[in-house]
Structure formats: C-alpha cells, structure tokens
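Printed here is entry_0.txt (compact mmCIF, C-alpha atoms and all ligand atoms):
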```txt
# COMPACT_ATOMS: atom_id res chain seq x y z
CA MET F 21 0.00 0.00 0.00
CA SER F 22 2.95 2.29 0.40
CA ALA F 23 2.90 4.91 -2.31
CA LEU F 24 5.74 7.02 -1.01
CA LYS F 25 7.90 6.25 -3.97
CA ARG F 26 6.70 6.22 -7.51
CA GLU F 27 8.87 5.88 -10.52
CA GLY F 28 9.50 9.24 -12.08
CA LEU F 29 9.21 11.41 -8.98
CA ASP F 30 12.52 12.70 -7.68
CA THR F 31 12.42 13.38 -3.94
CA THR F 32 16.10 12.90 -3.13
CA HIS F 33 16.19 16.18 -1.24
CA GLY F 34 13.42 14.93 1.05
CA ALA F 35 10.60 17.26 0.06
CA ILE F 36 7.57 16.17 -1.93
CA LEU F 37 6.13 19.67 -2.37
CA TYR F 38 7.86 23.02 -2.65
CA LEU F 39 5.88 26.23 -2.93
CA SER F 40 8.09 29.26 -3.30
CA ASP F 41 6.91 32.87 -3.33
CA ILE F 42 3.52 31.93 -4.76
CA THR F 43 1.11 34.78 -5.42
CA VAL F 44 -2.41 34.39 -6.80
CA SER F 45 -4.21 37.61 -7.72
CA PHE F 46 -7.89 37.78 -8.57
CA ASP F 47 -8.47 41.19 -10.17
CA GLY F 48 -5.71 42.68 -8.06
CA PHE F 49 -6.82 40.97 -4.81
CA ARG F 50 -4.09 38.68 -3.51
CA ALA F 51 -5.75 35.47 -2.32
CA ILE F 52 -2.23 34.04 -1.98
CA ASN F 53 0.56 36.46 -1.18
CA LYS F 54 4.19 35.33 -1.47
CA LEU F 55 3.47 31.96 0.09
CA ASN F 56 6.38 29.67 0.98
CA LEU F 57 5.65 26.14 2.11
CA ASP F 58 7.45 22.76 1.88
CA ILE F 59 6.13 19.33 2.72
CA SER F 60 8.50 16.43 3.42
CA VAL F 61 8.06 12.92 2.04
CA GLY F 62 5.73 10.97 4.34
CA GLU F 63 4.69 14.02 6.34
CA LEU F 64 1.12 14.63 7.50
CA ARG F 65 0.78 18.43 7.47
CA CYS F 66 -2.22 20.23 8.88
CA ILE F 67 -3.14 23.66 7.53
CA ILE F 68 -5.36 25.93 9.58
CA GLY F 69 -6.42 29.54 9.33
CA PRO F 70 -9.48 31.79 9.13
CA ASN F 71 -12.04 31.80 6.33
CA GLY F 72 -10.60 33.41 3.22
CA ALA F 73 -6.98 32.80 4.29
CA GLY F 74 -6.26 31.12 0.94
CA LYS F 75 -6.21 27.45 2.00
CA THR F 76 -8.43 26.16 -0.79
CA THR F 77 -6.76 28.46 -3.33
CA MET F 78 -3.40 26.94 -2.33
CA MET F 79 -4.81 23.47 -3.12
CA ASP F 80 -6.13 24.84 -6.41
CA VAL F 81 -2.59 25.95 -7.28
CA ILE F 82 -1.08 22.58 -6.33
CA THR F 83 -3.59 20.67 -8.46
CA GLY F 84 -3.36 22.99 -11.46
CA LYS F 85 -6.92 24.30 -11.15
CA THR F 86 -5.62 27.84 -10.62
CA ARG F 87 -2.41 29.18 -12.11
CA PRO F 88 -0.20 31.22 -9.80
CA THR F 89 0.30 34.83 -10.88
CA SER F 90 3.95 34.45 -9.81
CA GLY F 91 6.16 32.05 -7.89
CA THR F 92 7.14 28.43 -8.33
CA ALA F 93 5.48 25.18 -7.32
CA PHE F 94 7.28 21.85 -7.57
CA PHE F 95 6.16 18.29 -6.92
CA GLY F 96 9.38 16.54 -5.97
CA GLN F 97 12.33 18.18 -7.66
CA ASN F 98 11.35 17.38 -11.18
CA TYR F 99 7.68 18.25 -11.71
CA ASP F 100 7.13 21.96 -12.30
CA LEU F 101 3.41 22.18 -11.49
CA ALA F 102 3.00 25.51 -13.30
CA THR F 103 3.70 23.80 -16.61
CA MET F 104 1.28 20.88 -16.09
CA THR F 105 -2.45 20.41 -16.68
CA GLU F 106 -4.79 19.20 -13.92
CA TYR F 107 -4.88 15.82 -15.62
CA GLU F 108 -1.09 15.56 -15.76
CA ILE F 109 -0.77 16.55 -12.11
CA ALA F 110 -3.27 13.89 -11.03
CA HIS F 111 -1.46 11.36 -13.18
CA ALA F 112 1.90 12.32 -11.64
CA GLY F 113 0.58 11.34 -8.20
CA ILE F 114 -1.28 14.19 -6.49
CA GLY F 115 -4.77 13.20 -5.35
CA ARG F 116 -7.34 15.63 -4.02
CA LYS F 117 -10.56 15.27 -2.12
CA PHE F 118 -12.99 18.15 -2.26
CA GLN F 119 -15.29 19.01 0.60
CA ARG F 120 -18.45 17.52 -0.91
CA PRO F 121 -18.32 13.77 -1.51
CA THR F 122 -18.61 12.80 -5.15
CA VAL F 123 -19.15 9.04 -5.06
CA PHE F 124 -21.24 7.16 -7.63
CA GLU F 125 -24.44 6.89 -5.60
CA GLN F 126 -26.15 4.31 -7.79
CA HIS F 127 -23.20 1.93 -7.51
CA THR F 128 -22.16 -0.24 -4.57
CA VAL F 129 -19.26 0.55 -2.28
CA PHE F 130 -17.23 -2.21 -3.93
CA GLU F 131 -18.02 -0.97 -7.44
CA ASN F 132 -16.97 2.55 -6.49
CA LEU F 133 -13.54 1.28 -5.43
CA GLU F 134 -13.32 -0.92 -8.50
CA LEU F 135 -14.20 2.00 -10.78
CA ALA F 136 -11.61 4.21 -9.06
CA MET F 137 -8.96 1.58 -9.70
CA LYS F 138 -9.99 1.16 -13.32
CA MET F 139 -9.95 4.89 -13.89
CA ASP F 140 -6.33 4.94 -12.74
CA LYS F 141 -4.61 6.68 -15.63
CA ARG F 142 -1.40 4.76 -15.06
CA VAL F 143 -2.83 1.40 -16.06
CA ARG F 144 -4.20 0.22 -19.38
CA PRO F 145 -7.98 0.62 -19.57
CA THR F 146 -9.50 -2.66 -18.40
CA LEU F 147 -13.08 -1.71 -17.65
CA PHE F 148 -14.49 -5.11 -18.54
CA ALA F 149 -11.62 -7.29 -17.39
CA ARG F 150 -12.03 -9.42 -14.26
CA LEU F 151 -10.13 -8.34 -11.19
CA THR F 152 -6.89 -10.12 -10.41
CA SER F 153 -6.51 -11.57 -6.91
CA GLU F 154 -4.01 -8.82 -6.18
CA GLN F 155 -6.60 -6.20 -7.10
CA GLU F 156 -9.22 -7.94 -4.96
CA ASP F 157 -6.81 -7.94 -2.02
CA LYS F 158 -6.16 -4.26 -2.51
CA ILE F 159 -9.87 -3.46 -2.45
CA ALA F 160 -10.32 -5.61 0.67
CA SER F 161 -7.52 -3.80 2.49
CA ILE F 162 -8.93 -0.39 1.55
CA LEU F 163 -12.41 -1.48 2.69
CA ARG F 164 -10.98 -2.31 6.13
CA LEU F 165 -9.05 0.93 6.27
CA ILE F 166 -12.12 3.06 5.47
CA ARG F 167 -14.29 1.03 7.86
CA LEU F 168 -16.66 -0.16 5.15
CA ASN F 169 -15.78 -3.87 5.16
CA GLY F 170 -19.02 -5.79 5.44
CA GLN F 171 -20.80 -2.95 3.61
CA GLU F 172 -19.26 -3.49 0.20
CA ASP F 173 -22.57 -4.46 -1.42
CA ARG F 174 -24.48 -1.42 -0.16
CA LEU F 175 -25.35 1.31 -2.61
CA ALA F 176 -23.09 4.29 -1.99
CA GLY F 177 -26.15 6.55 -2.07
CA LEU F 178 -27.42 4.88 1.11
CA LEU F 179 -24.28 5.59 3.15
CA SER F 180 -24.11 8.29 5.82
CA HIS F 181 -22.34 11.54 4.97
CA GLY F 182 -19.26 10.38 6.90
CA GLN F 183 -19.20 6.99 5.19
CA LYS F 184 -19.38 8.69 1.79
CA GLN F 185 -16.40 10.80 2.75
CA TRP F 186 -14.46 7.66 3.74
CA LEU F 187 -15.45 5.95 0.52
CA GLU F 188 -14.12 8.90 -1.43
CA ILE F 189 -10.85 8.74 0.50
CA GLY F 190 -10.75 5.03 -0.37
CA MET F 191 -11.30 5.86 -4.04
CA LEU F 192 -8.39 8.29 -3.90
CA LEU F 193 -6.20 5.63 -2.27
CA MET F 194 -6.97 3.11 -5.02
CA GLN F 195 -4.89 5.30 -7.31
CA GLU F 196 -1.98 5.32 -4.84
CA PRO F 197 -1.25 9.04 -4.88
CA GLN F 198 2.00 10.07 -3.26
CA LEU F 199 0.58 13.35 -2.09
CA ILE F 200 -3.01 13.53 -0.85
CA LEU F 201 -4.80 16.85 -0.34
CA LEU F 202 -7.88 16.83 1.90
CA ASP F 203 -9.97 19.99 2.20
CA GLU F 204 -12.10 19.96 5.36
CA PRO F 205 -12.55 16.16 5.49
CA VAL F 206 -14.60 16.14 8.71
CA ALA F 207 -16.96 19.06 7.93
CA GLY F 208 -20.52 17.88 8.58
CA MET F 209 -19.44 14.66 10.29
CA SER F 210 -20.77 13.43 13.63
CA ASP F 211 -18.32 13.37 16.56
CA ALA F 212 -17.98 9.59 16.25
CA GLU F 213 -17.29 9.85 12.50
CA THR F 214 -14.75 12.61 13.13
CA ALA F 215 -12.92 10.43 15.67
CA ARG F 216 -12.83 7.52 13.23
CA THR F 217 -11.53 9.79 10.47
CA ALA F 218 -8.69 10.83 12.78
CA GLU F 219 -7.88 7.14 13.31
CA LEU F 220 -7.97 6.56 9.57
CA LEU F 221 -5.54 9.42 8.90
CA ASN F 222 -3.27 8.20 11.67
CA GLU F 223 -3.18 4.82 9.89
CA LEU F 224 -2.21 6.52 6.63
CA ARG F 225 0.59 8.44 8.34
CA GLY F 226 3.94 7.63 6.78
CA LYS F 227 2.39 5.67 3.90
CA HIS F 228 1.50 8.78 1.89
CA SER F 229 2.41 12.44 2.18
CA ILE F 230 -0.76 14.23 3.25
CA MET F 231 -1.94 17.83 3.49
CA VAL F 232 -5.12 18.36 5.53
CA VAL F 233 -7.03 21.64 5.80
CA GLU F 234 -9.44 21.72 8.75
CA HIS F 235 -11.26 24.10 11.08
CA ASP F 236 -12.01 21.40 13.68
CA MET F 237 -9.21 21.99 16.19
CA GLY F 238 -9.94 18.82 18.19
CA PHE F 239 -9.48 16.81 15.03
CA VAL F 240 -6.32 18.71 14.07
CA THR F 241 -4.85 18.04 17.52
CA GLU F 242 -5.57 14.29 17.09
CA ILE F 243 -3.81 14.00 13.74
CA ALA F 244 -1.07 16.64 14.02
CA GLN F 245 0.52 14.88 17.01
CA GLN F 246 4.12 16.15 17.17
CA GLY F 247 4.15 17.19 13.50
CA LYS F 248 4.09 20.66 11.99
CA VAL F 249 0.94 22.73 11.70
CA THR F 250 0.90 25.68 9.29
CA VAL F 251 -1.31 28.71 9.95
CA LEU F 252 -2.31 30.66 6.87
CA HIS F 253 -3.56 34.21 7.09
CA GLU F 254 -4.20 36.63 4.23
CA GLY F 255 -2.49 34.33 1.77
CA SER F 256 0.79 33.86 3.65
CA VAL F 257 2.19 31.68 6.41
CA LEU F 258 1.54 33.42 9.72
CA ALA F 259 3.00 30.70 11.94
CA GLU F 260 4.32 27.17 11.70
CA GLY F 261 5.18 24.69 14.44
CA ARG F 262 3.76 22.00 16.69
CA MET F 263 0.06 22.36 17.51
CA ASP F 264 0.77 23.43 21.11
CA GLN F 265 3.18 26.09 19.82
CA VAL F 266 0.82 27.62 17.28
CA GLN F 267 -2.06 27.50 19.78
CA ALA F 268 0.01 29.56 22.18
CA ASP F 269 1.08 32.06 19.51
CA GLU F 270 -0.49 35.47 20.18
CA ARG F 271 -0.79 36.33 16.49
CA VAL F 272 -2.62 33.07 15.80
CA ILE F 273 -4.96 33.66 18.72
CA ASP F 274 -5.64 37.19 17.44
CA VAL F 275 -6.51 36.27 13.87
CA TYR F 276 -8.07 32.85 14.33
CA LEU F 277 -8.23 30.80 17.50
CA GLY F 278 -9.35 33.56 19.83
CA ARG F 279 -12.38 34.53 17.76
N1 LIG F 301 -12.01 32.50 -8.30
C1 LIG F 301 -11.93 33.50 -7.44
N2 LIG F 301 -12.15 34.77 -7.80
C2 LIG F 301 -12.06 35.79 -6.93
N3 LIG F 301 -11.75 35.64 -5.62
C3 LIG F 301 -11.54 34.39 -5.19
C4 LIG F 301 -11.61 33.25 -6.06
N4 LIG F 301 -11.33 32.14 -5.32
C5 LIG F 301 -11.11 32.56 -4.07
N5 LIG F 301 -11.22 33.90 -3.98
C6 LIG F 301 -11.01 34.71 -2.77
O1 LIG F 301 -9.74 34.39 -2.28
C7 LIG F 301 -9.72 34.36 -0.86
C8 LIG F 301 -9.23 33.04 -0.37
O2 LIG F 301 -10.25 32.07 -0.59
P1 LIG F 301 -10.08 30.54 -0.18
O3 LIG F 301 -11.29 29.85 -0.65
O4 LIG F 301 -8.78 30.05 -0.69
O5 LIG F 301 -10.05 30.62 1.40
P2 LIG F 301 -10.02 29.44 2.48
O6 LIG F 301 -8.84 29.67 3.35
O7 LIG F 301 -10.13 28.14 1.79
O8 LIG F 301 -11.34 29.76 3.33
P3 LIG F 301 -12.39 28.76 4.05
O9 LIG F 301 -11.78 28.39 5.36
O10 LIG F 301 -13.60 29.61 4.21
O11 LIG F 301 -12.63 27.60 3.14
C9 LIG F 301 -11.14 34.69 -0.42
O12 LIG F 301 -11.19 36.07 -0.12
C10 LIG F 301 -11.96 34.37 -1.65
O13 LIG F 301 -13.14 35.14 -1.71
MG MG F 302 -11.57 26.61 1.79
```
Please render this file's structure as structure tokens.
Ligand SMILES: Nc1ncnc2c1ncn2[C@@H]1O[C@H](COP(=O)(O)OP(=O)(O)OP(=O)(O)O)[C@@H](O)[C@H]1O
Ligand SMILES: [Mg+2]
Amino acid sequence: MSALKREGLDTTHGAILYLSDITVSFDGFRAINKLNLDISVGELRCIIGPNGAGKTTMMDVITGKTRPTSGTAFFGQNYDLATMTEYEIAHAGIGRKFQRPTVFEQHTVFENLELAMKMDKRVRPTLFARLTSEQEDKIASILRLIRLNGQEDRLAGLLSHGQKQWLEIGMLLMQEPQLILLDEPVAGMSDAETARTAELLNELRGKHSIMVVEHDMGFVTEIAQQGKVTVLHEGSVLAEGRMDQVQADERVIDVYLGR
C-alpha cells in the first residue's frame, strides 16, 4: 500500500512539495501572497487559518486548477506544477478530495472502489476485465481501512455523509497518490465519525504524504501529534510549528483561534 515512492518522482532532497513565493491575484486581490511552504516525504501536514486565508486556493494551485500569478510550485524536484495540466498533475501522483463527496451513488461501495482503480490513468484501460486476486486484495484492504468492510454491497447513495467521505478517501487511495490533499474532510461529520476519520488518517501516516485543511481543532490536535501545523492568514504563512506552539502564539490567537 505504500505509495511514497513512484517511478518518475525525484524526492532525493526529502521534500515532496515546494511552494516558493507563490502569489495568486484575482483582479488585483491577492488570495495568496508570497506563500512559501514545503512538505517532506511521508509528512502529514495540517493547515489551519481563518475563512478566506487562501487554503483552498493553495490546493487549487497545487492541483493545477488555478495558475499562480507568480512564484514556483514543484512536486518533488522534477515536476514543475505551473507547466502541467490538472490531468497531468493527477497522473503524476497528487490526489485531491474536495469538501463535498462525489461518489457514484447508484453503484455499490465495492463498485466505487473498482471504478476508481480502473480509472487509474497509469494502467491500461480494463473496464471489462475481471479483477486479479491482487486487485481484490487491494480493495479488501482499503475497505478495512475506510471502515466499510461488510458494507461493500451497499449502494453508496445509502451511506451516511461520513461513510461517503471515507469511501471517497478510499477511491483516492486506489490510485496510490504520493501526495493527498484533503480539504475539510470532517466538515458535517458526527463526533464519532470525526474520531474515526482521525484514526484513519493516523493509519495513513507515513504511507503517503498528506496535506489536511481543517477548522475542527480537536481533530487537528488528534492528527497533528508532534508534527508541523501551518497557519495561513491573508495568503501567507503566519506561523508554523507544533500544535501546542501555534495554539500559544499570540498572532494566531488574534486572527483565528481567539475569535
Ligand atoms: N475565483 C476566485 N475569484 C475571486 N476571488 C476568489 C476566487 N477564489 C477565491 N477567492 C477569494 O480568495 C480568498 C481566499 O479564498 P479561499 O477559498 O482560498 O479561502 P479558504 O482559506 O479556503 O477559506 P475557508 O476556510 O472559508 O474555506 C477569499 O477572499 C476568496 O473570496
Ligand atoms: Mg476553503
């Protein structure tokens, strides 16, 4: 299941993502303003910050949905994201989950995972081929990871909101991305679902490089552990450090946590 290394991606310097001096202007308004941020291979990085800080726009830049006005963005040392299409970036190994789940509701849980695997751009199209035992094993292991084993024959449309979110994470994992971007994965989840999502992410730790944007500070504390948390504000990094450090930072309290 480890997708830390994929042929073609050069991470010899240890970073999987380098954003350098990125600015994104919308009609003169700087949604991202000289942003610098690096993510190491295998890191689980949490990004927090107030509404409008530029968190989603940053993910749009990483995935090629929005072009930076200036600055450089690299995936590993060799993929210059500014020169790639969204399709090429996904193919190179960056997977993104949007806030609203987009599973195939009229298909079963199993079929959703199967479809995700068969839509993997790296493999020859095999839509009508039978699954190999290796592929079946992979689906079974993802089903356990996303807590939907035993529910594989249910229609995805009948799942709870939280289960749909997990299924979508499972669909992302089928394509073995090296870098996973999750934008507010626990928004709208029950407390129990949020706790299970934290467990899920803790199980993925070290197997993929992961960037998680969240407003739920309890959840962020669960998954950040001793790792780095980045606070964005007005399109730039306001603070970066362990969760306890950023929570004690006066500037962070002023613009975000204290409100
Ligand atoms: N396509 C666009 N055109 C104009 N302004 C935009 C566009 N996309 C985002 N913005 C603006 O850029 C700023 C950053 O938005 P962004 O969605 O990145 O914030 P965010 O940190 O994700 O906020 P939230 O926590 O509410 O999701 C906001 O002021 C937003 O209105
Ligand atoms: Mg956002």
Need to verify the contact set: segment 176-180 of chain F, 8 Å, all atoms listed in the file, exclusion of same-chain residues closer than 5 positions in sequence. Can you return it as a VMD selection string? chain F and resid 123 to 129 132
Within-7 Å residues of ligand LIG 301 (chain F), basis all atoms listed in the file, as a ChimeraX atom specification: /F:46,51,69-78
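Nearest residue to ligand MG 302 (chain F), choosing from F:Val240, F:Val272, F:Val233, F:Leu151 and counting all atoms listed in the file: F:Val233.
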With distances taken over only C-alpha atoms, which residue among F:Met191, F:Ala35, F:Leu199, F:Leu57 lies nearest Ala112 of chain F?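 Closest to Ala112 of chain F, using only C-alpha atoms: F:Leu199.
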Between F:Lys54, F:Arg65, F:His33, F:Arg150, which one has atoms that come closest to Gln246 of chain F, using only C-alpha atoms?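 Using only C-alpha atoms, the shortest distance to Gln246 of chain F belongs to F:Arg65.
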Nearest to ligand MG 302 (chain F): which of F:Glu172, F:Glu242, F:Asp274, F:Glu234 is it, counting all atoms listed in the file? F:Glu234
Selection near Met79 of chain F, 10 Å with only C-alpha atoms, sequence-local residues under 2 positions removed, as a list in words: Gly74, Lys75, Thr76, Thr77, Val81, Ile82, Thr83, Gly84, Lys85, Thr86, Arg116, Phe118, Leu201, Leu202, Asp203, Met231 and Val233 of chain F
Please list as a PyMOL selection string every residue within 12 Å of Ala244 of chain F, counting all atoms listed in the file and excluding residues in the same chain fewer than 2 positions away. chain F and resi 63-68+218-219+221-222+225+230-234+236-242+246-250+261-266
Of the candidates F:Gly278, F:Pro88, F:Gly115, F:Gly28, which shows the shortest atom-to-atom distance to Leu101 of chain F, using all atoms listed in the file?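 Among the listed residues, F:Pro88 lies closest to Leu101 of chain F.
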re atom CA of Met139 of chain F and atom CA of Arg87 of chain F: distance 25.5 Å
Can you tell me how far atom CA of Glu156 of chain F sits from atom CA of Asp173 of chain F, in Å to one decimal?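 We find that atom CA of Glu156 of chain F and atom CA of Asp173 of chain F lie 14.2 Å from each other.
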